[in-house]
Amino acid sequence: MKSQSKPISKAERKKLDRFHEQRKAKLRKKYPEIHGKKLDYVTHSFEDNDGGGWLYVNLYFTDGTNFSMDFSMNNPAIVPRCIEYGDMSNGNYENIRTYYYRGEKP
């Protein structure tokens, strides 16, 4: 069976490649503190409370820093609640930067 899609021209391929490179460059700037770091390990956990819950994802780097993302699961969708970058090299968590924080509604 032959493919029904037509081949991509060199000009179109170049345009697509440029678009993807620009997109990757933009994404690298989103969390600059973690770009290029060496990942040590990843942890995740889930807490379920009364039909809702929380999903926690932590990326630990070899220099003792970590990038944490907390998500609320009690909405119709998974909603980010907190995204932080911190230092754990001395054993205690010390926040370096909060990228996003969305408090609970009263």
# chains A, B, ... in the order shown; residues from 1 in each chain; ligands from 1
call {"tool": "select_by_dssp", "arguments": {"residues": "chain A", "states": "strand (DSSP E or B)", "output": "PDB file with N, CA and C atoms, in the first residue's frame"}}
result
ATOM      1  N   LEU A  39      20.599  14.959  35.961  1.00  0.00           N
ATOM      2  CA  LEU A  39      19.544  14.392  36.790  1.00  0.00           C
ATOM      3  C   LEU A  39      20.084  13.223  37.595  1.00  0.00           C
ATOM      4  N   ASP A  40      19.791  13.226  38.893  1.00  0.00           N
ATOM      5  CA  ASP A  40      20.216  12.143  39.772  1.00  0.00           C
ATOM      6  C   ASP A  40      19.112  11.091  39.867  1.00  0.00           C
ATOM      7  N   TYR A  41      17.900  11.496  40.290  1.00  0.00           N
ATOM      8  CA  TYR A  41      16.779  10.573  40.347  1.00  0.00           C
ATOM      9  C   TYR A  41      15.462  11.341  40.386  1.00  0.00           C
ATOM     10  N   VAL A  42      14.355  10.616  40.202  1.00  0.00           N
ATOM     11  CA  VAL A  42      13.005  11.189  40.160  1.00  0.00           C
ATOM     12  C   VAL A  42      12.137  10.453  41.164  1.00  0.00           C
ATOM     13  N   THR A  43      11.298  11.202  41.898  1.00  0.00           N
ATOM     14  CA  THR A  43      10.311  10.572  42.771  1.00  0.00           C
ATOM     15  C   THR A  43       8.931  11.110  42.430  1.00  0.00           C
ATOM     16  N   HIS A  44       7.933  10.311  42.722  1.00  0.00           N
ATOM     17  CA  HIS A  44       6.556  10.764  42.560  1.00  0.00           C
ATOM     18  C   HIS A  44       5.705  10.085  43.634  1.00  0.00           C
ATOM     19  N   SER A  45       4.640  10.762  44.026  1.00  0.00           N
ATOM     20  CA  SER A  45       3.723  10.174  44.997  1.00  0.00           C
ATOM     21  C   SER A  45       2.332  10.727  44.767  1.00  0.00           C
ATOM     22  N   PHE A  46       1.354  10.033  45.313  1.00  0.00           N
ATOM     23  CA  PHE A  46      -0.034  10.438  45.153  1.00  0.00           C
ATOM     24  C   PHE A  46      -0.720  10.321  46.497  1.00  0.00           C
ATOM     25  N   GLU A  47      -1.448  11.349  46.884  1.00  0.00           N
ATOM     26  CA  GLU A  47      -2.256  11.333  48.106  1.00  0.00           C
ATOM     27  C   GLU A  47      -3.711  11.450  47.703  1.00  0.00           C
ATOM     28  N   ASP A  48      -4.508  10.515  48.174  1.00  0.00           N
ATOM     29  CA  ASP A  48      -5.933  10.532  47.861  1.00  0.00           C
ATOM     30  C   ASP A  48      -6.703  10.932  49.113  1.00  0.00           C
ATOM     31  N   ASN A  49      -7.514  11.989  49.003  1.00  0.00           N
ATOM     32  CA  ASN A  49      -8.340  12.391  50.129  1.00  0.00           C
ATOM     33  C   ASN A  49      -9.724  12.802  49.635  1.00  0.00           C
ATOM     34  N   GLY A  52     -10.650  13.511  45.860  1.00  0.00           N
ATOM     35  CA  GLY A  52      -9.678  14.378  45.192  1.00  0.00           C
ATOM     36  C   GLY A  52      -8.303  13.851  45.495  1.00  0.00           C
ATOM     37  N   GLY A  53      -7.327  14.664  45.324  1.00  0.00           N
ATOM     38  CA  GLY A  53      -5.999  14.208  45.679  1.00  0.00           C
ATOM     39  C   GLY A  53      -4.918  15.120  45.147  1.00  0.00           C
ATOM     40  N   TRP A  54      -3.703  14.723  45.456  1.00  0.00           N
ATOM     41  CA  TRP A  54      -2.521  15.478  45.036  1.00  0.00           C
ATOM     42  C   TRP A  54      -1.531  14.527  44.381  1.00  0.00           C
ATOM     43  N   LEU A  55      -0.914  15.001  43.323  1.00  0.00           N
ATOM     44  CA  LEU A  55       0.166  14.287  42.658  1.00  0.00           C
ATOM     45  C   LEU A  55       1.422  15.125  42.820  1.00  0.00           C
ATOM     46  N   TYR A  56       2.489  14.516  43.353  1.00  0.00           N
ATOM     47  CA  TYR A  56       3.761  15.205  43.568  1.00  0.00           C
ATOM     48  C   TYR A  56       4.826  14.569  42.688  1.00  0.00           C
ATOM     49  N   VAL A  57       5.564  15.393  41.954  1.00  0.00           N
ATOM     50  CA  VAL A  57       6.673  14.922  41.118  1.00  0.00           C
ATOM     51  C   VAL A  57       7.905  15.747  41.474  1.00  0.00           C
ATOM     52  N   ASN A  58       9.006  15.068  41.799  1.00  0.00           N
ATOM     53  CA  ASN A  58      10.249  15.751  42.168  1.00  0.00           C
ATOM     54  C   ASN A  58      11.395  15.247  41.310  1.00  0.00           C
ATOM     55  N   LEU A  59      12.165  16.183  40.756  1.00  0.00           N
ATOM     56  CA  LEU A  59      13.377  15.860  40.011  1.00  0.00           C
ATOM     57  C   LEU A  59      14.557  16.281  40.868  1.00  0.00           C
ATOM     58  N   TYR A  60      15.423  15.335  41.228  1.00  0.00           N
ATOM     59  CA  TYR A  60      16.588  15.629  42.052  1.00  0.00           C
ATOM     60  C   TYR A  60      17.833  15.616  41.176  1.00  0.00           C
ATOM     61  N   PHE A  61      18.666  16.649  41.342  1.00  0.00           N
ATOM     62  CA  PHE A  61      19.873  16.783  40.538  1.00  0.00           C
ATOM     63  C   PHE A  61      21.102  16.448  41.374  1.00  0.00           C
ATOM     64  N   THR A  65      20.176  20.137  44.251  1.00  0.00           N
ATOM     65  CA  THR A  65      18.965  20.922  44.037  1.00  0.00           C
ATOM     66  C   THR A  65      17.838  20.020  43.557  1.00  0.00           C
ATOM     67  N   ASN A  66      16.602  20.529  43.665  1.00  0.00           N
ATOM     68  CA  ASN A  66      15.479  19.757  43.148  1.00  0.00           C
ATOM     69  C   ASN A  66      14.440  20.677  42.534  1.00  0.00           C
ATOM     70  N   PHE A  67      13.673  20.113  41.617  1.00  0.00           N
ATOM     71  CA  PHE A  67      12.598  20.802  40.906  1.00  0.00           C
ATOM     72  C   PHE A  67      11.335  20.033  41.242  1.00  0.00           C
ATOM     73  N   SER A  68      10.380  20.704  41.893  1.00  0.00           N
ATOM     74  CA  SER A  68       9.178  20.002  42.335  1.00  0.00           C
ATOM     75  C   SER A  68       7.935  20.573  41.678  1.00  0.00           C
ATOM     76  N   MET A  69       7.000  19.680  41.366  1.00  0.00           N
ATOM     77  CA  MET A  69       5.727  20.048  40.757  1.00  0.00           C
ATOM     78  C   MET A  69       4.620  19.353  41.531  1.00  0.00           C
ATOM     79  N   ASP A  70       3.649  20.139  42.024  1.00  0.00           N
ATOM     80  CA  ASP A  70       2.510  19.616  42.760  1.00  0.00           C
ATOM     81  C   ASP A  70       1.249  19.874  41.949  1.00  0.00           C
ATOM     82  N   PHE A  71       0.431  18.845  41.798  1.00  0.00           N
ATOM     83  CA  PHE A  71      -0.787  18.950  41.000  1.00  0.00           C
ATOM     84  C   PHE A  71      -1.995  18.552  41.832  1.00  0.00           C
ATOM     85  N   SER A  72      -3.089  19.292  41.694  1.00  0.00           N
ATOM     86  CA  SER A  72      -4.345  18.972  42.349  1.00  0.00           C
ATOM     87  C   SER A  72      -5.152  18.071  41.422  1.00  0.00           C
ATOM     88  N   VAL A  79      -4.558  19.857  37.671  1.00  0.00           N
ATOM     89  CA  VAL A  79      -4.267  21.291  37.683  1.00  0.00           C
ATOM     90  C   VAL A  79      -2.973  21.537  38.444  1.00  0.00           C
ATOM     91  N   PRO A  80      -1.996  22.224  37.840  1.00  0.00           N
ATOM     92  CA  PRO A  80      -0.777  22.537  38.587  1.00  0.00           C
ATOM     93  C   PRO A  80      -1.087  23.504  39.727  1.00  0.00           C
ATOM     94  N   ARG A  81      -0.548  23.239  40.900  1.00  0.00           N
ATOM     95  CA  ARG A  81      -0.759  24.104  42.063  1.00  0.00           C
ATOM     96  C   ARG A  81       0.524  24.804  42.487  1.00  0.00           C
ATOM     97  N   CYS A  82       1.651  24.133  42.316  1.00  0.00           N
ATOM     98  CA  CYS A  82       2.907  24.727  42.756  1.00  0.00           C
ATOM     99  C   CYS A  82       4.059  24.135  41.943  1.00  0.00           C
ATOM    100  N   ILE A  83       4.919  25.012  41.426  1.00  0.00           N
ATOM    101  CA  ILE A  83       6.127  24.575  40.720  1.00  0.00           C
ATOM    102  C   ILE A  83       7.273  25.372  41.319  1.00  0.00           C
ATOM    103  N   GLU A  84       8.234  24.666  41.933  1.00  0.00           N
ATOM    104  CA  GLU A  84       9.332  25.320  42.646  1.00  0.00           C
ATOM    105  C   GLU A  84      10.675  24.685  42.313  1.00  0.00           C
ATOM    106  N   TYR A  85      11.706  25.481  42.539  1.00  0.00           N
ATOM    107  CA  TYR A  85      13.089  25.027  42.398  1.00  0.00           C
ATOM    108  C   TYR A  85      13.769  25.330  43.724  1.00  0.00           C
ATOM    109  N   GLY A  86      14.428  24.342  44.318  1.00  0.00           N
ATOM    110  CA  GLY A  86      15.024  24.567  45.627  1.00  0.00           C
ATOM    111  C   GLY A  86      16.323  23.818  45.825  1.00  0.00           C
ATOM    112  N   ASP A  87      16.942  24.085  46.971  1.00  0.00           N
ATOM    113  CA  ASP A  87      18.226  23.487  47.327  1.00  0.00           C
ATOM    114  C   ASP A  87      18.029  22.548  48.509  1.00  0.00           C
ATOM    115  N   GLU A  94      15.396  24.516  50.916  1.00  0.00           N
ATOM    116  CA  GLU A  94      15.467  25.976  50.867  1.00  0.00           C
ATOM    117  C   GLU A  94      15.012  26.415  49.480  1.00  0.00           C
ATOM    118  N   ASN A  95      13.888  27.120  49.420  1.00  0.00           N
ATOM    119  CA  ASN A  95      13.320  27.534  48.138  1.00  0.00           C
ATOM    120  C   ASN A  95      14.214  28.577  47.468  1.00  0.00           C
ATOM    121  N   ILE A  96      14.526  28.350  46.199  1.00  0.00           N
ATOM    122  CA  ILE A  96      15.301  29.303  45.412  1.00  0.00           C
ATOM    123  C   ILE A  96      14.373  30.135  44.544  1.00  0.00           C
ATOM    124  N   ARG A  97      13.404  29.478  43.930  1.00  0.00           N
ATOM    125  CA  ARG A  97      12.484  30.194  43.052  1.00  0.00           C
ATOM    126  C   ARG A  97      11.148  29.463  42.974  1.00  0.00           C
ATOM    127  N   THR A  98      10.079  30.233  43.038  1.00  0.00           N
ATOM    128  CA  THR A  98       8.740  29.697  42.819  1.00  0.00           C
ATOM    129  C   THR A  98       8.297  30.146  41.432  1.00  0.00           C
ATOM    130  N   TYR A  99       8.120  29.193  40.536  1.00  0.00           N
ATOM    131  CA  TYR A  99       7.705  29.503  39.170  1.00  0.00           C
ATOM    132  C   TYR A  99       6.203  29.747  39.091  1.00  0.00           C
ATOM    133  N   TYR A 100       5.462  28.984  39.887  1.00  0.00           N
ATOM    134  CA  TYR A 100       4.006  29.069  39.809  1.00  0.00           C
ATOM    135  C   TYR A 100       3.435  28.651  41.151  1.00  0.00           C
ATOM    136  N   TYR A 101       2.449  29.407  41.626  1.00  0.00           N
ATOM    137  CA  TYR A 101       1.735  29.031  42.841  1.00  0.00           C
ATOM    138  C   TYR A 101       0.282  29.410  42.687  1.00  0.00           C
TER     139      TYR A 101
END
call {"tool": "select_by_dssp", "arguments": {"residues": "chain A", "states": "alpha helix (DSSP H)", "output": "PyMOL selection string"}}
result
chain A and resi 10-30
call {"tool": "write_last_selection", "arguments": {"atoms": "N, CA and C atoms", "output": "short mmCIF file (atom, residue, chain, number, x, y, z; two decimals), in the first residue's frame"}}
result
data_model
loop_
_atom_site.label_atom_id
_atom_site.label_comp_id
_atom_site.auth_asym_id
_atom_site.auth_seq_id
_atom_site.Cartn_x
_atom_site.Cartn_y
_atom_site.Cartn_z
N LYS A 10 12.18 20.55 0.25
CA LYS A 10 13.33 21.00 1.04
C LYS A 10 13.01 22.31 1.75
N ALA A 11 12.33 23.21 1.07
CA ALA A 11 11.98 24.50 1.67
C ALA A 11 11.03 24.30 2.86
N GLU A 12 10.04 23.42 2.70
CA GLU A 12 9.10 23.15 3.79
C GLU A 12 9.80 22.46 4.95
N ARG A 13 10.70 21.52 4.66
CA ARG A 13 11.47 20.82 5.70
C ARG A 13 12.31 21.83 6.49
N LYS A 14 12.94 22.76 5.77
CA LYS A 14 13.77 23.78 6.42
C LYS A 14 12.91 24.66 7.33
N LYS A 15 11.72 25.01 6.86
CA LYS A 15 10.79 25.83 7.64
C LYS A 15 10.35 25.08 8.91
N LEU A 16 10.03 23.79 8.77
CA LEU A 16 9.64 22.98 9.93
C LEU A 16 10.78 22.83 10.93
N ASP A 17 11.99 22.59 10.42
CA ASP A 17 13.16 22.46 11.29
C ASP A 17 13.40 23.75 12.07
N ARG A 18 13.27 24.89 11.40
CA ARG A 18 13.47 26.19 12.05
C ARG A 18 12.40 26.40 13.14
N PHE A 19 11.15 26.04 12.83
CA PHE A 19 10.06 26.15 13.81
C PHE A 19 10.36 25.31 15.05
N HIS A 20 10.80 24.05 14.86
CA HIS A 20 11.07 23.17 15.99
C HIS A 20 12.25 23.66 16.82
N GLU A 21 13.28 24.19 16.17
CA GLU A 21 14.43 24.73 16.91
C GLU A 21 14.02 25.94 17.74
N GLN A 22 13.18 26.82 17.18
CA GLN A 22 12.71 27.99 17.92
C GLN A 22 11.85 27.56 19.10
N ARG A 23 11.03 26.55 18.90
CA ARG A 23 10.17 26.05 19.97
C ARG A 23 11.01 25.46 21.10
N LYS A 24 12.03 24.66 20.76
CA LYS A 24 12.90 24.08 21.78
C LYS A 24 13.67 25.17 22.53
N ALA A 25 14.13 26.20 21.82
CA ALA A 25 14.84 27.31 22.47
C ALA A 25 13.93 28.03 23.46
N LYS A 26 12.66 28.20 23.09
CA LYS A 26 11.69 28.84 23.98
C LYS A 26 11.44 27.98 25.22
N LEU A 27 11.31 26.67 25.04
CA LEU A 27 11.08 25.78 26.17
C LEU A 27 12.29 25.72 27.10
N ARG A 28 13.49 25.82 26.57
CA ARG A 28 14.70 25.81 27.41
C ARG A 28 14.75 27.03 28.32
N LYS A 29 14.14 28.13 27.89
CA LYS A 29 14.14 29.36 28.69
C LYS A 29 13.08 29.34 29.78
N LYS A 30 12.14 28.41 29.72
CA LYS A 30 11.04 28.39 30.68
C LYS A 30 11.53 28.12 32.10
#
call {"tool": "atom_distance", "arguments": {"atom1": "atom CA of A:Ser89", "atom2": "atom CA of A:Pro32"}}
result
19.3 Å
call {"tool": "atom_distance", "arguments": {"atom1": "atom CA of A:Gly64", "atom2": "atom CA of A:Met88"}}
result
5.3 Å
call {"tool": "atom_distance", "arguments": {"atom1": "atom CA of A:Asp63", "atom2": "atom CA of A:Ile34"}}
result
10.8 Å
call {"tool": "decode", "arguments": {"residues": "stretch 20-68 of chain A", "atoms": "N, CA and C atoms", "output": "short mmCIF file (atom, residue, chain, number, x, y, z; two decimals), in the first residue's frame"}}
result
data_model
loop_
_atom_site.label_atom_id
_atom_site.label_comp_id
_atom_site.auth_asym_id
_atom_site.auth_seq_id
_atom_site.Cartn_x
_atom_site.Cartn_y
_atom_site.Cartn_z
N HIS A 20 10.80 24.05 14.86
CA HIS A 20 11.07 23.17 15.99
C HIS A 20 12.25 23.66 16.82
N GLU A 21 13.28 24.19 16.17
CA GLU A 21 14.43 24.73 16.91
C GLU A 21 14.02 25.94 17.74
N GLN A 22 13.18 26.82 17.18
CA GLN A 22 12.71 27.99 17.92
C GLN A 22 11.85 27.56 19.10
N ARG A 23 11.03 26.55 18.90
CA ARG A 23 10.17 26.05 19.97
C ARG A 23 11.01 25.46 21.10
N LYS A 24 12.03 24.66 20.76
CA LYS A 24 12.90 24.08 21.78
C LYS A 24 13.67 25.17 22.53
N ALA A 25 14.13 26.20 21.82
CA ALA A 25 14.84 27.31 22.47
C ALA A 25 13.93 28.03 23.46
N LYS A 26 12.66 28.20 23.09
CA LYS A 26 11.69 28.84 23.98
C LYS A 26 11.44 27.98 25.22
N LEU A 27 11.31 26.67 25.04
CA LEU A 27 11.08 25.78 26.17
C LEU A 27 12.29 25.72 27.10
N ARG A 28 13.49 25.82 26.57
CA ARG A 28 14.70 25.81 27.41
C ARG A 28 14.75 27.03 28.32
N LYS A 29 14.14 28.13 27.89
CA LYS A 29 14.14 29.36 28.69
C LYS A 29 13.08 29.34 29.78
N LYS A 30 12.14 28.41 29.72
CA LYS A 30 11.04 28.39 30.68
C LYS A 30 11.53 28.12 32.10
N TYR A 31 12.43 27.18 32.29
CA TYR A 31 13.00 26.85 33.58
C TYR A 31 14.53 26.85 33.45
N PRO A 32 15.15 28.03 33.33
CA PRO A 32 16.58 28.09 33.02
C PRO A 32 17.48 27.47 34.09
N GLU A 33 17.05 27.46 35.35
CA GLU A 33 17.89 26.92 36.41
C GLU A 33 18.14 25.43 36.26
N ILE A 34 17.25 24.71 35.60
CA ILE A 34 17.44 23.26 35.48
C ILE A 34 18.00 22.84 34.12
N HIS A 35 18.08 23.76 33.19
CA HIS A 35 18.58 23.41 31.85
C HIS A 35 20.06 23.02 31.93
N GLY A 36 20.38 21.86 31.40
CA GLY A 36 21.76 21.40 31.34
C GLY A 36 22.24 20.69 32.60
N LYS A 37 21.42 20.60 33.64
CA LYS A 37 21.83 19.92 34.86
C LYS A 37 21.77 18.41 34.68
N LYS A 38 22.56 17.71 35.49
CA LYS A 38 22.57 16.26 35.44
C LYS A 38 21.56 15.72 36.46
N LEU A 39 20.60 14.96 35.96
CA LEU A 39 19.54 14.39 36.79
C LEU A 39 20.08 13.22 37.60
N ASP A 40 19.79 13.23 38.89
CA ASP A 40 20.22 12.14 39.77
C ASP A 40 19.11 11.09 39.87
N TYR A 41 17.90 11.50 40.29
CA TYR A 41 16.78 10.57 40.35
C TYR A 41 15.46 11.34 40.39
N VAL A 42 14.35 10.62 40.20
CA VAL A 42 13.01 11.19 40.16
C VAL A 42 12.14 10.45 41.16
N THR A 43 11.30 11.20 41.90
CA THR A 43 10.31 10.57 42.77
C THR A 43 8.93 11.11 42.43
N HIS A 44 7.93 10.31 42.72
CA HIS A 44 6.56 10.76 42.56
C HIS A 44 5.71 10.09 43.63
N SER A 45 4.64 10.76 44.03
CA SER A 45 3.72 10.17 45.00
C SER A 45 2.33 10.73 44.77
N PHE A 46 1.35 10.03 45.31
CA PHE A 46 -0.03 10.44 45.15
C PHE A 46 -0.72 10.32 46.50
N GLU A 47 -1.45 11.35 46.88
CA GLU A 47 -2.26 11.33 48.11
C GLU A 47 -3.71 11.45 47.70
N ASP A 48 -4.51 10.52 48.17
CA ASP A 48 -5.93 10.53 47.86
C ASP A 48 -6.70 10.93 49.11
N ASN A 49 -7.51 11.99 49.00
CA ASN A 49 -8.34 12.39 50.13
C ASN A 49 -9.72 12.80 49.63
N ASP A 50 -10.70 12.00 50.01
CA ASP A 50 -12.12 12.27 49.74
C ASP A 50 -12.43 12.53 48.27
N GLY A 51 -11.99 11.66 47.41
CA GLY A 51 -12.32 11.77 46.00
C GLY A 51 -11.41 12.67 45.20
N GLY A 52 -10.65 13.51 45.86
CA GLY A 52 -9.68 14.38 45.19
C GLY A 52 -8.30 13.85 45.50
N GLY A 53 -7.33 14.66 45.32
CA GLY A 53 -6.00 14.21 45.68
C GLY A 53 -4.92 15.12 45.15
N TRP A 54 -3.70 14.72 45.46
CA TRP A 54 -2.52 15.48 45.04
C TRP A 54 -1.53 14.53 44.38
N LEU A 55 -0.91 15.00 43.32
CA LEU A 55 0.17 14.29 42.66
C LEU A 55 1.42 15.12 42.82
N TYR A 56 2.49 14.52 43.35
CA TYR A 56 3.76 15.20 43.57
C TYR A 56 4.83 14.57 42.69
N VAL A 57 5.56 15.39 41.95
CA VAL A 57 6.67 14.92 41.12
C VAL A 57 7.90 15.75 41.47
N ASN A 58 9.01 15.07 41.80
CA ASN A 58 10.25 15.75 42.17
C ASN A 58 11.40 15.25 41.31
N LEU A 59 12.17 16.18 40.76
CA LEU A 59 13.38 15.86 40.01
C LEU A 59 14.56 16.28 40.87
N TYR A 60 15.42 15.33 41.23
CA TYR A 60 16.59 15.63 42.05
C TYR A 60 17.83 15.62 41.18
N PHE A 61 18.67 16.65 41.34
CA PHE A 61 19.87 16.78 40.54
C PHE A 61 21.10 16.45 41.37
N THR A 62 22.20 16.14 40.69
CA THR A 62 23.41 15.70 41.37
C THR A 62 24.05 16.80 42.23
N ASP A 63 23.72 18.07 42.00
CA ASP A 63 24.29 19.15 42.80
C ASP A 63 23.50 19.44 44.07
N GLY A 64 22.47 18.62 44.37
CA GLY A 64 21.69 18.78 45.59
C GLY A 64 20.45 19.63 45.44
N THR A 65 20.18 20.14 44.25
CA THR A 65 18.97 20.92 44.04
C THR A 65 17.84 20.02 43.56
N ASN A 66 16.60 20.53 43.66
CA ASN A 66 15.48 19.76 43.15
C ASN A 66 14.44 20.68 42.53
N PHE A 67 13.67 20.11 41.62
CA PHE A 67 12.60 20.80 40.91
C PHE A 67 11.34 20.03 41.24
N SER A 68 10.38 20.70 41.89
CA SER A 68 9.18 20.00 42.34
C SER A 68 7.93 20.57 41.68
#
